[in-house]
>>> print(open('final.txt').read())   # compact mmCIF, C-alpha atoms and all ligand atoms
# COMPACT_ATOMS: atom_id res chain seq x y z
CA MET A 1 125.94 102.51 74.47
CA ASP A 2 125.60 101.50 78.16
CA VAL A 3 122.18 102.32 79.61
CA GLY A 4 120.81 101.79 83.10
CA ILE A 5 120.04 103.27 86.50
CA ASP A 6 122.04 106.44 87.08
CA LYS A 7 120.33 107.46 90.33
CA ILE A 8 117.87 105.76 92.67
CA GLY A 9 115.88 107.33 95.52
CA PHE A 10 113.24 106.26 98.00
CA TYR A 11 110.53 107.83 100.12
CA VAL A 12 108.62 106.29 103.00
CA PRO A 13 105.87 107.98 105.07
CA LYS A 14 106.84 109.12 108.55
CA ASP A 15 104.56 106.83 110.55
CA TYR A 16 104.79 103.09 111.00
CA ILE A 17 103.24 100.34 113.05
CA ASP A 18 105.18 97.62 114.81
CA ILE A 19 104.38 94.18 113.42
CA VAL A 20 104.57 92.48 116.82
CA GLU A 21 101.97 94.94 118.14
CA LEU A 22 99.81 94.25 115.09
CA ALA A 23 100.05 90.50 115.74
CA LYS A 24 99.09 90.93 119.40
CA ALA A 25 96.14 93.17 118.48
CA ARG A 26 94.94 90.46 116.09
CA ASP A 27 95.53 87.69 118.67
CA ILE A 28 98.14 86.03 116.47
CA ASP A 29 101.51 84.59 117.53
CA PRO A 30 104.03 87.37 116.64
CA ASP A 31 106.46 84.75 115.28
CA LYS A 32 104.01 84.10 112.47
CA PHE A 33 104.40 87.71 111.31
CA THR A 34 108.12 88.20 112.02
CA ILE A 35 109.31 84.72 110.96
CA GLY A 36 106.48 83.18 108.92
CA ILE A 37 105.80 86.35 106.89
CA GLY A 38 109.15 88.05 107.55
CA GLN A 39 108.21 91.62 108.46
CA ASP A 40 109.11 93.95 111.36
CA LYS A 41 107.43 97.30 110.63
CA GLN A 42 104.78 98.59 108.26
CA ALA A 43 104.71 102.11 106.81
CA VAL A 44 101.45 104.01 107.30
CA PRO A 45 100.68 106.93 104.97
CA GLN A 46 98.81 110.06 106.04
CA PRO A 47 95.37 110.71 104.51
CA TYR A 48 96.92 113.65 102.61
CA GLN A 49 99.44 111.30 100.97
CA ASP A 50 98.71 109.18 97.92
CA ALA A 51 100.46 107.72 94.87
CA VAL A 52 101.06 111.24 93.52
CA THR A 53 102.66 112.75 96.62
CA LEU A 54 104.70 109.62 97.35
CA ALA A 55 106.01 109.61 93.77
CA ALA A 56 106.92 113.30 93.95
CA SER A 57 108.81 112.74 97.19
CA SER A 58 111.12 109.96 95.97
CA ALA A 59 111.82 111.73 92.66
CA ASP A 60 112.52 115.02 94.44
CA SER A 61 115.18 113.29 96.54
CA ILE A 62 117.36 112.51 93.50
CA LEU A 63 116.75 115.12 90.79
CA SER A 64 119.11 118.02 90.11
CA ALA A 65 118.20 120.99 87.92
CA ASP A 66 120.44 119.56 85.16
CA ASP A 67 118.70 116.18 85.34
CA LYS A 68 115.34 117.89 84.88
CA LYS A 69 116.49 119.58 81.67
CA ASP A 70 117.51 116.23 80.17
CA ILE A 71 114.41 114.20 81.06
CA GLY A 72 112.35 113.33 77.99
CA LEU A 73 110.25 110.52 79.43
CA LEU A 74 108.41 110.18 82.73
CA ILE A 75 106.68 106.93 83.64
CA VAL A 76 104.91 106.15 86.90
CA GLY A 77 104.17 102.52 87.68
CA THR A 78 101.33 102.26 90.17
CA GLU A 79 98.27 100.23 91.05
CA SER A 80 97.00 102.80 93.56
CA SER A 81 96.27 105.56 91.11
CA VAL A 82 93.95 108.41 92.19
CA ASP A 83 92.28 108.99 88.82
CA GLU A 84 90.92 106.66 86.16
CA SER A 85 91.81 109.13 83.43
CA LYS A 86 94.60 111.54 84.30
CA SER A 87 97.91 109.86 84.99
CA THR A 88 99.91 110.21 88.18
CA ALA A 89 102.75 111.37 85.93
CA ALA A 90 100.87 114.45 84.68
CA PHE A 91 100.45 115.79 88.23
CA LEU A 92 104.20 115.48 88.78
CA VAL A 93 105.24 117.88 86.06
CA ASP A 94 104.19 120.82 88.28
CA LEU A 95 105.23 119.35 91.60
CA LEU A 96 108.73 118.55 90.34
CA ASP A 97 109.13 121.61 88.10
CA LEU A 98 109.77 119.49 85.03
CA PRO A 99 109.92 121.02 81.55
CA GLU A 100 106.98 120.61 79.14
CA ASP A 101 108.74 118.65 76.43
CA ILE A 102 108.28 115.36 78.24
CA ARG A 103 106.32 112.29 77.25
CA SER A 104 104.57 111.15 80.40
CA PHE A 105 102.19 108.40 81.35
CA GLU A 106 101.24 105.84 83.97
CA ILE A 107 101.62 102.08 83.69
CA LYS A 108 99.49 99.58 85.54
CA GLN A 109 100.16 95.86 85.69
CA ALA A 110 100.04 95.11 89.40
CA CYS A 111 103.57 94.92 90.81
CA PHE A 112 105.12 94.65 87.35
CA GLY A 113 104.42 98.31 86.42
CA ALA A 114 107.80 99.78 87.34
CA THR A 115 109.67 97.04 85.47
CA ALA A 116 107.57 97.74 82.36
CA GLY A 117 108.52 101.40 82.87
CA LEU A 118 112.19 100.59 83.33
CA GLN A 119 112.37 98.52 80.13
CA SER A 120 110.53 101.25 78.18
CA ALA A 121 112.99 103.77 79.59
CA TYR A 122 115.89 101.58 78.48
CA ASP A 123 114.51 101.61 74.92
CA PHE A 124 113.88 105.38 75.02
CA VAL A 125 117.37 106.27 76.24
CA SER A 126 118.97 103.86 73.76
CA LEU A 127 117.13 105.57 70.90
CA ASN A 128 117.64 109.12 72.17
CA PRO A 129 121.27 109.59 73.20
CA GLY A 130 121.71 112.36 75.77
CA LYS A 131 118.12 112.08 76.98
CA LYS A 132 117.14 110.69 80.39
CA ALA A 133 114.03 108.93 81.62
CA LEU A 134 112.47 109.11 85.07
CA VAL A 135 110.73 105.94 86.25
CA ILE A 136 108.83 106.02 89.53
CA ALA A 137 107.18 103.16 91.41
CA SER A 138 104.58 104.53 93.82
CA ASP A 139 101.96 102.64 95.77
CA ILE A 140 99.92 102.22 98.90
CA ALA A 141 99.33 98.51 99.52
CA ARG A 142 95.98 97.91 101.21
CA TYR A 143 94.22 94.65 102.00
CA GLY A 144 91.97 95.87 104.80
CA ILE A 145 91.89 95.81 108.58
CA LYS A 146 91.81 92.32 110.12
CA THR A 147 92.29 90.53 106.78
CA PRO A 148 94.98 87.86 106.22
CA GLY A 149 96.75 90.31 103.91
CA GLU A 150 96.87 93.11 106.52
CA VAL A 151 100.36 92.09 107.61
CA THR A 152 101.56 92.52 104.01
CA GLN A 153 100.55 96.17 103.61
CA GLY A 154 102.88 99.17 103.29
CA ALA A 155 103.44 102.41 101.38
CA GLY A 156 106.20 104.33 99.66
CA SER A 157 107.92 104.97 96.38
CA VAL A 158 111.18 104.41 94.54
CA ALA A 159 112.40 106.73 91.79
CA MET A 160 115.03 105.82 89.22
CA LEU A 161 116.75 108.04 86.72
CA ILE A 162 117.69 106.10 83.59
CA SER A 163 120.50 107.41 81.43
CA GLU A 164 123.45 106.43 79.28
CA SER A 165 126.73 105.76 81.11
CA PRO A 166 124.76 104.91 84.27
CA ARG A 167 126.56 105.22 87.60
CA VAL A 168 124.56 102.65 89.61
CA LEU A 169 123.39 99.65 87.58
CA LYS A 170 124.11 98.96 83.93
CA LEU A 171 121.19 97.06 82.46
CA GLU A 172 122.21 94.21 80.22
CA HIS A 173 120.04 93.72 77.22
CA LYS A 174 119.17 90.24 78.47
CA SER A 175 115.70 89.40 79.61
CA VAL A 176 112.95 86.78 79.52
CA TYR A 177 109.32 87.52 80.27
CA MET A 178 105.91 85.86 80.25
CA THR A 179 102.22 86.64 80.72
CA ARG A 180 99.47 84.30 81.89
CA ASN A 181 95.88 85.23 82.65
CA VAL A 182 95.78 84.26 86.34
CA GLY A 183 93.34 85.20 89.12
CA ASP A 184 95.74 85.45 92.04
CA PHE A 185 95.21 89.10 93.04
CA TRP A 186 92.96 91.90 91.76
CA ARG A 187 91.39 95.18 92.79
CA PRO A 188 88.17 96.19 91.00
CA THR A 189 87.76 99.93 90.35
CA PHE A 190 85.12 100.25 93.09
CA SER A 191 87.39 98.89 95.80
CA LYS A 192 90.05 100.61 97.90
CA VAL A 193 91.44 97.27 99.03
CA ALA A 194 92.87 94.38 97.05
CA PHE A 195 91.43 90.89 96.83
CA ALA A 196 93.94 88.07 96.87
CA ARG A 197 94.17 84.32 96.79
CA GLY A 198 97.33 84.65 98.83
CA LYS A 199 98.55 81.05 98.87
CA PHE A 200 97.70 80.55 95.20
CA SER A 201 99.56 83.79 94.44
CA ASN A 202 102.63 82.34 96.14
CA GLU A 203 102.42 79.24 93.99
CA VAL A 204 102.09 81.23 90.76
CA TYR A 205 104.97 83.50 91.78
CA VAL A 206 107.29 80.58 92.47
CA ASP A 207 106.20 78.87 89.24
CA PHE A 208 106.92 82.06 87.25
CA PHE A 209 110.36 82.30 88.83
CA THR A 210 111.36 78.70 88.12
CA THR A 211 109.98 78.80 84.57
CA LEU A 212 111.66 82.10 83.71
CA TRP A 213 114.94 81.13 85.37
CA ASP A 214 115.07 77.90 83.31
CA ARG A 215 114.38 79.93 80.17
CA TYR A 216 116.93 82.59 81.08
CA GLN A 217 119.66 79.99 81.63
CA ALA A 218 118.86 78.27 78.33
CA LYS A 219 118.59 81.50 76.32
CA TYR A 220 121.85 83.04 77.56
CA ASP A 221 123.80 79.89 78.41
CA VAL A 222 124.38 80.91 82.04
CA THR A 223 123.98 79.32 85.46
CA ALA A 224 123.60 80.60 89.01
CA ASP A 225 127.41 80.73 89.15
CA ASP A 226 127.28 83.74 86.83
CA PHE A 227 125.45 85.78 89.49
CA SER A 228 126.40 86.70 93.03
CA THR A 229 122.96 87.99 93.91
CA MET A 230 119.35 87.43 92.98
CA LEU A 231 116.82 90.11 93.78
CA PHE A 232 113.12 89.35 94.01
CA HIS A 233 109.79 91.08 94.03
CA ILE A 234 109.20 91.18 97.81
CA PRO A 235 105.68 92.21 98.85
CA TYR A 236 106.73 90.51 102.08
CA THR A 237 110.15 89.09 102.62
CA LYS A 238 109.16 85.43 102.99
CA MET A 239 107.91 85.44 99.40
CA GLY A 240 111.33 85.86 97.80
CA THR A 241 112.73 83.27 100.21
CA LYS A 242 110.28 80.73 98.78
CA ALA A 243 111.50 81.39 95.23
CA LEU A 244 115.15 81.26 96.26
CA ARG A 245 114.64 77.98 98.10
CA THR A 246 113.79 76.28 94.80
CA LEU A 247 117.52 76.50 94.00
CA GLU A 248 118.56 74.45 97.04
CA GLY A 249 120.20 71.25 95.83
CA LYS A 250 120.28 72.55 92.24
CA VAL A 251 123.26 74.85 92.82
CA SER A 252 126.37 74.23 94.92
CA ASP A 253 125.99 74.61 98.69
CA GLU A 254 128.44 77.56 98.58
CA LYS A 255 126.45 79.35 95.88
CA TYR A 256 123.18 78.73 97.69
CA ALA A 257 124.64 80.12 100.93
CA GLU A 258 125.96 83.20 99.09
CA LEU A 259 122.62 83.86 97.39
CA MET A 260 120.73 83.43 100.66
CA ALA A 261 123.11 85.74 102.57
CA ASN A 262 122.86 88.44 99.88
CA TYR A 263 119.09 88.05 99.82
CA GLN A 264 119.00 88.90 103.53
CA ASP A 265 120.81 92.17 102.77
CA SER A 266 118.32 92.93 99.99
CA VAL A 267 115.29 92.57 102.30
CA LYS A 268 116.52 94.72 105.20
CA PHE A 269 114.60 97.81 104.06
CA SER A 270 111.47 95.83 103.16
CA ARG A 271 111.32 94.34 106.64
CA GLU A 272 111.19 97.93 107.92
CA VAL A 273 108.67 99.28 105.42
CA GLY A 274 106.40 96.54 104.15
CA ASN A 275 104.83 96.21 100.75
CA LEU A 276 105.48 98.82 98.07
CA TYR A 277 103.72 96.76 95.40
CA THR A 278 105.57 97.69 92.21
CA GLY A 279 108.40 99.39 94.11
CA SER A 280 109.18 96.27 96.14
CA LEU A 281 111.81 94.82 93.82
CA TYR A 282 113.50 98.22 93.57
CA LEU A 283 113.47 98.76 97.32
CA GLY A 284 115.24 95.39 97.45
CA LEU A 285 117.81 96.69 94.96
CA LEU A 286 118.34 99.83 97.03
CA SER A 287 118.64 97.84 100.24
CA TYR A 288 121.26 95.64 98.63
CA LEU A 289 123.17 98.64 97.26
CA VAL A 290 123.22 100.31 100.67
CA ASN A 291 123.97 97.23 102.76
CA ALA A 292 126.21 94.90 100.79
CA ALA A 293 126.79 95.52 97.09
CA LYS A 294 130.22 95.52 95.48
CA ALA A 295 131.31 97.06 92.20
CA ASN A 296 131.03 94.86 89.10
CA GLU A 297 128.68 92.37 90.71
CA ASN A 298 126.22 90.72 88.35
CA LEU A 299 122.65 90.86 89.62
CA LEU A 300 119.66 88.85 88.49
CA LEU A 301 116.32 90.58 89.05
CA PHE A 302 112.95 88.80 89.18
CA SER A 303 109.93 91.03 88.70
CA TYR A 304 106.39 89.73 89.20
CA GLY A 305 103.00 91.40 88.91
CA SER A 306 99.88 89.42 89.74
CA GLY A 307 97.43 88.80 87.02
CA ALA A 308 100.19 87.89 85.93
CA VAL A 309 103.34 89.15 84.23
CA GLY A 310 106.86 88.12 85.18
CA GLU A 311 110.29 89.05 83.91
CA ILE A 312 113.86 88.10 84.73
CA TYR A 313 116.63 90.43 83.63
CA SER A 314 120.15 91.25 84.67
CA GLY A 315 122.43 94.16 85.42
CA GLU A 316 125.93 94.99 86.55
CA ILE A 317 126.73 97.21 89.53
CA GLN A 318 128.94 100.08 88.42
CA PRO A 319 132.23 101.07 90.07
CA GLY A 320 131.68 104.15 92.28
CA PHE A 321 127.94 103.42 92.71
CA GLU A 322 128.21 104.17 96.45
CA LYS A 323 129.04 107.83 95.70
CA VAL A 324 125.67 108.29 93.98
CA ILE A 325 123.59 106.81 96.79
CA ASP A 326 122.87 108.94 99.83
CA LYS A 327 123.13 106.14 102.36
CA THR A 328 123.00 108.44 105.39
CA SER A 329 119.81 110.19 104.30
CA LEU A 330 118.11 106.89 103.54
CA GLU A 331 119.02 105.41 106.92
CA THR A 332 118.07 108.63 108.72
CA MET A 333 114.69 108.68 106.96
CA LEU A 334 114.00 105.13 108.16
CA GLU A 335 115.26 105.75 111.70
CA GLN A 336 113.48 109.06 112.28
CA ARG A 337 110.00 107.70 111.64
CA GLN A 338 107.55 107.54 114.52
CA LYS A 339 105.69 104.50 115.74
CA ILE A 340 101.95 104.88 116.04
CA SER A 341 99.57 102.66 117.96
CA ILE A 342 97.41 100.06 116.26
CA SER A 343 94.28 101.98 117.24
CA ASP A 344 95.65 105.22 115.69
CA TYR A 345 96.51 103.29 112.52
CA GLU A 346 92.98 101.87 112.41
CA LYS A 347 91.47 105.34 112.83
CA MET A 348 93.68 106.81 110.09
CA TYR A 349 92.79 103.91 107.79
CA GLU A 350 89.14 104.88 107.85
CA VAL A 351 89.70 108.55 106.97
CA GLU A 352 88.36 109.31 103.51
CA TYR A 353 88.55 112.67 101.79
CA HIS A 354 85.60 113.73 99.65
CA ASP A 355 84.76 116.62 97.38
CA GLY A 356 85.06 119.88 99.34
CA THR A 357 87.89 118.69 101.60
CA ILE A 358 90.48 121.32 102.41
CA VAL A 359 93.57 120.05 104.21
CA ASP A 360 94.96 122.34 106.93
CA PRO A 361 98.63 122.87 106.00
CA ALA A 362 99.49 123.30 109.68
CA GLY A 363 98.83 119.59 110.16
CA VAL A 364 100.97 118.46 107.23
CA ASP A 365 104.35 116.87 107.91
CA ALA A 366 105.53 116.19 104.36
CA LYS A 367 106.92 118.22 101.46
CA PHE A 368 104.21 117.14 99.00
CA TYR A 369 100.57 116.81 100.00
CA LEU A 370 97.01 116.74 98.80
CA SER A 371 95.75 120.21 99.58
CA GLU A 372 92.17 120.20 98.41
CA ILE A 373 89.46 118.34 96.51
CA LYS A 374 87.45 120.84 94.50
CA GLU A 375 84.77 119.81 92.01
CA ASN A 376 86.18 116.33 92.52
CA GLU A 377 89.57 117.44 91.24
CA ARG A 378 92.56 116.69 93.43
CA ILE A 379 94.85 119.66 93.99
CA TYR A 380 98.36 119.19 95.31
CA LYS A 381 100.82 121.54 96.95
CA LYS A 382 104.41 121.45 98.08
CA ASN A 383 106.02 122.94 101.15
CA ASN A 384 109.29 124.65 100.43
N1 LIG B 1 105.80 80.89 113.92
C1 LIG B 1 106.50 80.91 112.76
N2 LIG B 1 105.92 80.76 111.52
C2 LIG B 1 104.58 80.62 111.49
C3 LIG B 1 103.80 80.59 112.65
C4 LIG B 1 104.46 80.75 113.91
N3 LIG B 1 103.79 80.75 115.06
N4 LIG B 1 102.50 80.43 112.30
C5 LIG B 1 102.49 80.36 110.94
N5 LIG B 1 103.74 80.47 110.46
C6 LIG B 1 104.17 80.46 109.06
C7 LIG B 1 103.44 79.43 108.23
O1 LIG B 1 104.06 78.14 108.35
C8 LIG B 1 103.60 80.02 106.84
O2 LIG B 1 104.89 79.76 106.36
P1 LIG B 1 105.08 79.18 104.85
O3 LIG B 1 104.44 80.20 103.95
O4 LIG B 1 106.55 79.08 104.71
O5 LIG B 1 104.36 77.89 104.82
C9 LIG B 1 103.52 81.51 107.09
O6 LIG B 1 103.78 81.70 108.48
C10 LIG B 1 102.17 82.10 106.78
O7 LIG B 1 101.21 81.32 107.42
P2 LIG B 1 99.81 81.02 106.73
O8 LIG B 1 99.03 80.14 107.62
O9 LIG B 1 100.03 80.58 105.32
O10 LIG B 1 99.23 82.51 106.76
P3 LIG B 1 97.90 83.11 106.21
O11 LIG B 1 96.87 82.09 105.92
O12 LIG B 1 97.56 84.19 107.18
O13 LIG B 1 98.31 83.77 104.82
C11 LIG B 1 99.42 85.18 103.28
C12 LIG B 1 99.54 84.47 104.61
C13 LIG B 1 100.80 85.77 102.94
C14 LIG B 1 99.03 84.23 102.18
C15 LIG B 1 98.41 86.35 103.44
O14 LIG B 1 98.96 87.29 104.30
C16 LIG B 1 98.05 87.00 102.14
O15 LIG B 1 97.19 86.57 101.42
N6 LIG B 1 98.77 88.09 101.79
C17 LIG B 1 98.62 88.73 100.52
C18 LIG B 1 99.70 88.22 99.64
C19 LIG B 1 99.47 88.48 98.19
O16 LIG B 1 98.38 88.52 97.73
N7 LIG B 1 100.48 88.69 97.44
C20 LIG B 1 100.28 88.94 96.02
C21 LIG B 1 101.21 89.93 95.56
S1 LIG B 1 102.52 89.22 94.67
>>> encode(input="final.txt", output="structure tokens")
Amino acid sequence: MDVGIDKIGFYVPKDYIDIVELAKARDIDPDKFTIGIGQDKQAVPQPYQDAVTLAASSADSILSADDKKDIGLLIVGTESSVDESKSTAAFLVDLLDLPEDIRSFEIKQACFGATAGLQSAYDFVSLNPGKKALVIASDIARYGIKTPGEVTQGAGSVAMLISESPRVLKLEHKSVYMTRNVGDFWRPTFSKVAFARGKFSNEVYVDFFTTLWDRYQAKYDVTADDFSTMLFHIPYTKMGTKALRTLEGKVSDEKYAELMANYQDSVKFSREVGNLYTGSLYLGLLSYLVNAAKANENLLLFSYGSGAVGEIYSGEIQPGFEKVIDKTSLETMLEQRQKISISDYEKMYEVEYHDGTIVDPAGVDAKFYLSEIKENERIYKKNN
């Protein structure tokens, strides 16, 4: 039975900051941010948006009533969860009008969470023919104002519906993975912002890629010539470039040029949005699907989550995939955002809701939002 991604959707908050303006406000040469880091814009969430509302928004953009009836598994990958006990997934059952007979939970392993969810979904659908699984990557990436990581922030979510006879990407049952206890990035429960050894994290990431790629080639007797495109976890777009560059001189010049050109198409959306943490790889997939993909292409996907877990797996783009992806809506959503000033972004960054907060719906510009915090419980609403 073929299993894989049948639908894929994306949501990004409506505000963004311009990376050149951020560089100037921090007294940094803009080329460092646009060329050295590889970003153009950074999504800024509203205080009434969080991992729950972002997840609801991307899932809502792809689910039909029939899909909802067939879903038996709901997994949310996130490292910006709002509750240490209740999962982001449990909140979504109401917001998305999902039936009760669903197994739902949240997965955390830094930016690897959604891939863990995707592979679990693959197993679930393979064992339960006719059933579907909804996997959502939802995060707000925060390093703090005026930190070196500030330029690599962002927010948004990617939702994927996993089913048999998938119309977008057939997942091949081929994968290699590894875990090492590494201190490259962490966020203790008391902290709203992440701590990172950024340069060390780059080194570990590249090492995971080269190690797993060697193992993948040996295990499945393949080379780079078997793939037209490699997709990477891209918290910022320079990071994947560093991994891809390790292939220079090891593959033919033509293959290297093809991989590099396709990589540029896969990072177009990320340049506009910034870091989605666990959704980053899947935003790269969506960007590639919208901007360049061709039917029957073989893709190699590299997932990485600090701490650290990595996995390389592969998939095949399905004929007719373009009919399932709402390219116009995605591009319109990106284009119709509004730029806010760096000082407005800084003010919004500091807003914190506490027990007793009631959000005025008149000021909400999103379908799903945090409406209230009552007895420390977060209560969500949707606008129809
Ligand atoms: N023009 C063009 N490029 C420039 C430049 C300029 N004026 N000034 C610097 N650069 C380049 C540097 O050469 C470097 O490129 P390289 O990485 O290819 O060597 C890049 O810009 C970044 O410069 P650097 O001095 O290393 O920046 P930094 O000390 O501010 O750190 C990060 C950058 C990415 C390490 C930092 O933003 C960070 O820690 N981010 C968090 C990343 C993370 O934790 N990821 C983990 C999740 S997987």
>>> residues_around(input="final.txt", residues="range 328-330 of chain A", least_positions_apart="2", cutoff="10 Å", atoms="only C-alpha atoms", output="list in words")
Gly9, Phe10, Tyr11, Val12, Ser61, Phe269, Leu286, Ser287, Val290, Ile325, Asp326, Thr332, Met333, Leu334 and Glu335 of chain A
>>> residues_near_point(input="final.txt", point="(96.1, 110.6, 100.7)", cutoff="10 Å", atoms="only C-alpha atoms", output="PDB file with C-alpha atoms, in the coordinates of the input")
ATOM      1  CA  PRO A  45     100.680 106.930 104.970  1.00  0.00           C
ATOM      2  CA  GLN A  46      98.810 110.060 106.040  1.00  0.00           C
ATOM      3  CA  PRO A  47      95.370 110.710 104.510  1.00  0.00           C
ATOM      4  CA  TYR A  48      96.920 113.650 102.610  1.00  0.00           C
ATOM      5  CA  GLN A  49      99.440 111.300 100.970  1.00  0.00           C
ATOM      6  CA  ASP A  50      98.710 109.180  97.920  1.00  0.00           C
ATOM      7  CA  ALA A  51     100.460 107.720  94.870  1.00  0.00           C
ATOM      8  CA  VAL A  52     101.060 111.240  93.520  1.00  0.00           C
ATOM      9  CA  THR A  53     102.660 112.750  96.620  1.00  0.00           C
ATOM     10  CA  LEU A  54     104.700 109.620  97.350  1.00  0.00           C
ATOM     11  CA  VAL A  82      93.950 108.410  92.190  1.00  0.00           C
ATOM     12  CA  ILE A 140      99.920 102.220  98.900  1.00  0.00           C
ATOM     13  CA  VAL A 351      89.700 108.550 106.970  1.00  0.00           C
ATOM     14  CA  GLU A 352      88.360 109.310 103.510  1.00  0.00           C
ATOM     15  CA  TYR A 353      88.550 112.670 101.790  1.00  0.00           C
ATOM     16  CA  TYR A 369     100.570 116.810 100.000  1.00  0.00           C
ATOM     17  CA  LEU A 370      97.010 116.740  98.800  1.00  0.00           C
ATOM     18  CA  SER A 371      95.750 120.210  99.580  1.00  0.00           C
TER      19      SER A 371
END
>>> residues_near_ligand(input="final.txt", ligand="ligand LIG 1 (chain B)", cutoff="9 Å", atoms="only C-alpha atoms and all ligand atoms", output="compact mmCIF listing (two decimals) with C-alpha atoms, in the frame of the given file")
# COMPACT_ATOMS: atom_id res chain seq x y z
CA ILE A 28 98.14 86.03 116.47
CA ASP A 29 101.51 84.59 117.53
CA PRO A 30 104.03 87.37 116.64
CA ASP A 31 106.46 84.75 115.28
CA LYS A 32 104.01 84.10 112.47
CA PHE A 33 104.40 87.71 111.31
CA THR A 34 108.12 88.20 112.02
CA ILE A 35 109.31 84.72 110.96
CA GLY A 36 106.48 83.18 108.92
CA ILE A 37 105.80 86.35 106.89
CA GLY A 38 109.15 88.05 107.55
CA ALA A 110 100.04 95.11 89.40
CA CYS A 111 103.57 94.92 90.81
CA TYR A 143 94.22 94.65 102.00
CA THR A 147 92.29 90.53 106.78
CA PRO A 148 94.98 87.86 106.22
CA GLY A 149 96.75 90.31 103.91
CA GLU A 150 96.87 93.11 106.52
CA VAL A 151 100.36 92.09 107.61
CA THR A 152 101.56 92.52 104.01
CA GLN A 153 100.55 96.17 103.61
CA ASP A 184 95.74 85.45 92.04
CA PHE A 185 95.21 89.10 93.04
CA TRP A 186 92.96 91.90 91.76
CA ALA A 194 92.87 94.38 97.05
CA PHE A 195 91.43 90.89 96.83
CA ALA A 196 93.94 88.07 96.87
CA ARG A 197 94.17 84.32 96.79
CA GLY A 198 97.33 84.65 98.83
CA LYS A 199 98.55 81.05 98.87
CA PHE A 200 97.70 80.55 95.20
CA SER A 201 99.56 83.79 94.44
CA ASN A 202 102.63 82.34 96.14
CA VAL A 204 102.09 81.23 90.76
CA TYR A 205 104.97 83.50 91.78
CA HIS A 233 109.79 91.08 94.03
CA ILE A 234 109.20 91.18 97.81
CA PRO A 235 105.68 92.21 98.85
CA TYR A 236 106.73 90.51 102.08
CA LYS A 238 109.16 85.43 102.99
CA MET A 239 107.91 85.44 99.40
CA THR A 241 112.73 83.27 100.21
CA LYS A 242 110.28 80.73 98.78
CA ASN A 275 104.83 96.21 100.75
CA TYR A 277 103.72 96.76 95.40
CA TYR A 304 106.39 89.73 89.20
CA GLY A 305 103.00 91.40 88.91
CA SER A 306 99.88 89.42 89.74
>>> residues_around(input="final.txt", residues="Glu372 in chain A", least_positions_apart="4", cutoff="8 Å", atoms="all atoms listed in the file", output="ChimeraX atom specification")
/A:356-359,378-380
>>> closest_residue(input="final.txt", among="A:Ala155, A:Ala59, A:Ile317, A:Val309", to="Ser270 in chain A", atoms="all atoms listed in the file")
A:Ala155
>>> residues_around(input="final.txt", residues="range 167-176 of chain A", least_positions_apart="5", cutoff="9 Å", atoms="all atoms listed in the file", output="JSON, numbers by chain")
{"A": [2, 3, 4, 5, 6, 7, 8, 122, 212, 213, 215, 216, 219, 220, 289, 310, 311, 312, 313, 314, 315, 316, 317, 318, 319, 320, 321, 322, 323, 324, 325]}
>>> atom_distance(input="final.txt", atom1="CA of His354 in chain A", atom2="CA of Lys14 in chain A")
23.5 Å
>>> closest_residue(input="final.txt", among="A:Ala224, A:Val125, A:Leu74, A:Ala90", to="Ala257 in chain A", atoms="all atoms listed in the file")
A:Ala224
>>> closest_residue(input="final.txt", among="A:Gly154, A:Gly72, A:Gly307, A:Gly77", to="Ala114 in chain A", atoms="only C-alpha atoms")
A:Gly77
>>> atom_distance(input="final.txt", atom1="CA of Phe209 in chain A", atom2="CA of Lys41 in chain A")
26.6 Å
>>> closest_residue(input="final.txt", among="A:Gly113, A:Lys86, A:Asn128, A:Gly144", to="Ser191 in chain A", atoms="only C-alpha atoms")
A:Gly144
>>> atom_distance(input="final.txt", atom1="CA of Asn384 in chain A", atom2="CA of Ala55 in chain A")
16.8 Å
>>> axis_aligned_box(input="final.txt", around="range 201-208 of chain A", padding_each_side="3 Å", output="lines of an AutoDock Vina configuration file")
center_x = 103.4
center_y = 81.3
center_z = 91.7
size_x = 13.7
size_y = 10.9
size_z = 14.9
>>> residues_around(input="final.txt", residues="Ser104 in chain A", least_positions_apart="4", cutoff="12 Å", atoms="all atoms listed in the file", output="PyMOL selection string")
chain A and resi 71-77+86-93+98-100+117+120-121+133-136
>>> decode(input="final.txt", residues="range 324-335 of chain A", atoms="C-alpha atoms", output="mmCIF file, in the first residue's frame")
data_model
loop_
_atom_site.group_PDB
_atom_site.id
_atom_site.type_symbol
_atom_site.label_atom_id
_atom_site.label_comp_id
_atom_site.auth_asym_id
_atom_site.auth_seq_id
_atom_site.Cartn_x
_atom_site.Cartn_y
_atom_site.Cartn_z
ATOM 1 C CA VAL A 324 -3.988 19.443 -4.478
ATOM 2 C CA ILE A 325 -1.927 22.492 -3.544
ATOM 3 C CA ASP A 326 -3.629 25.862 -3.413
ATOM 4 C CA LYS A 327 -0.724 27.842 -4.818
ATOM 5 C CA THR A 328 -2.699 31.064 -5.218
ATOM 6 C CA SER A 329 -3.931 31.116 -1.615
ATOM 7 C CA LEU A 330 -0.444 30.420 -0.293
ATOM 8 C CA GLU A 331 1.116 33.199 -2.350
ATOM 9 C CA THR A 332 -1.711 35.594 -1.486
ATOM 10 C CA MET A 333 -1.291 34.838 2.228
ATOM 11 C CA LEU A 334 2.412 35.701 1.999
ATOM 12 C CA GLU A 335 1.863 38.821 -0.121
#
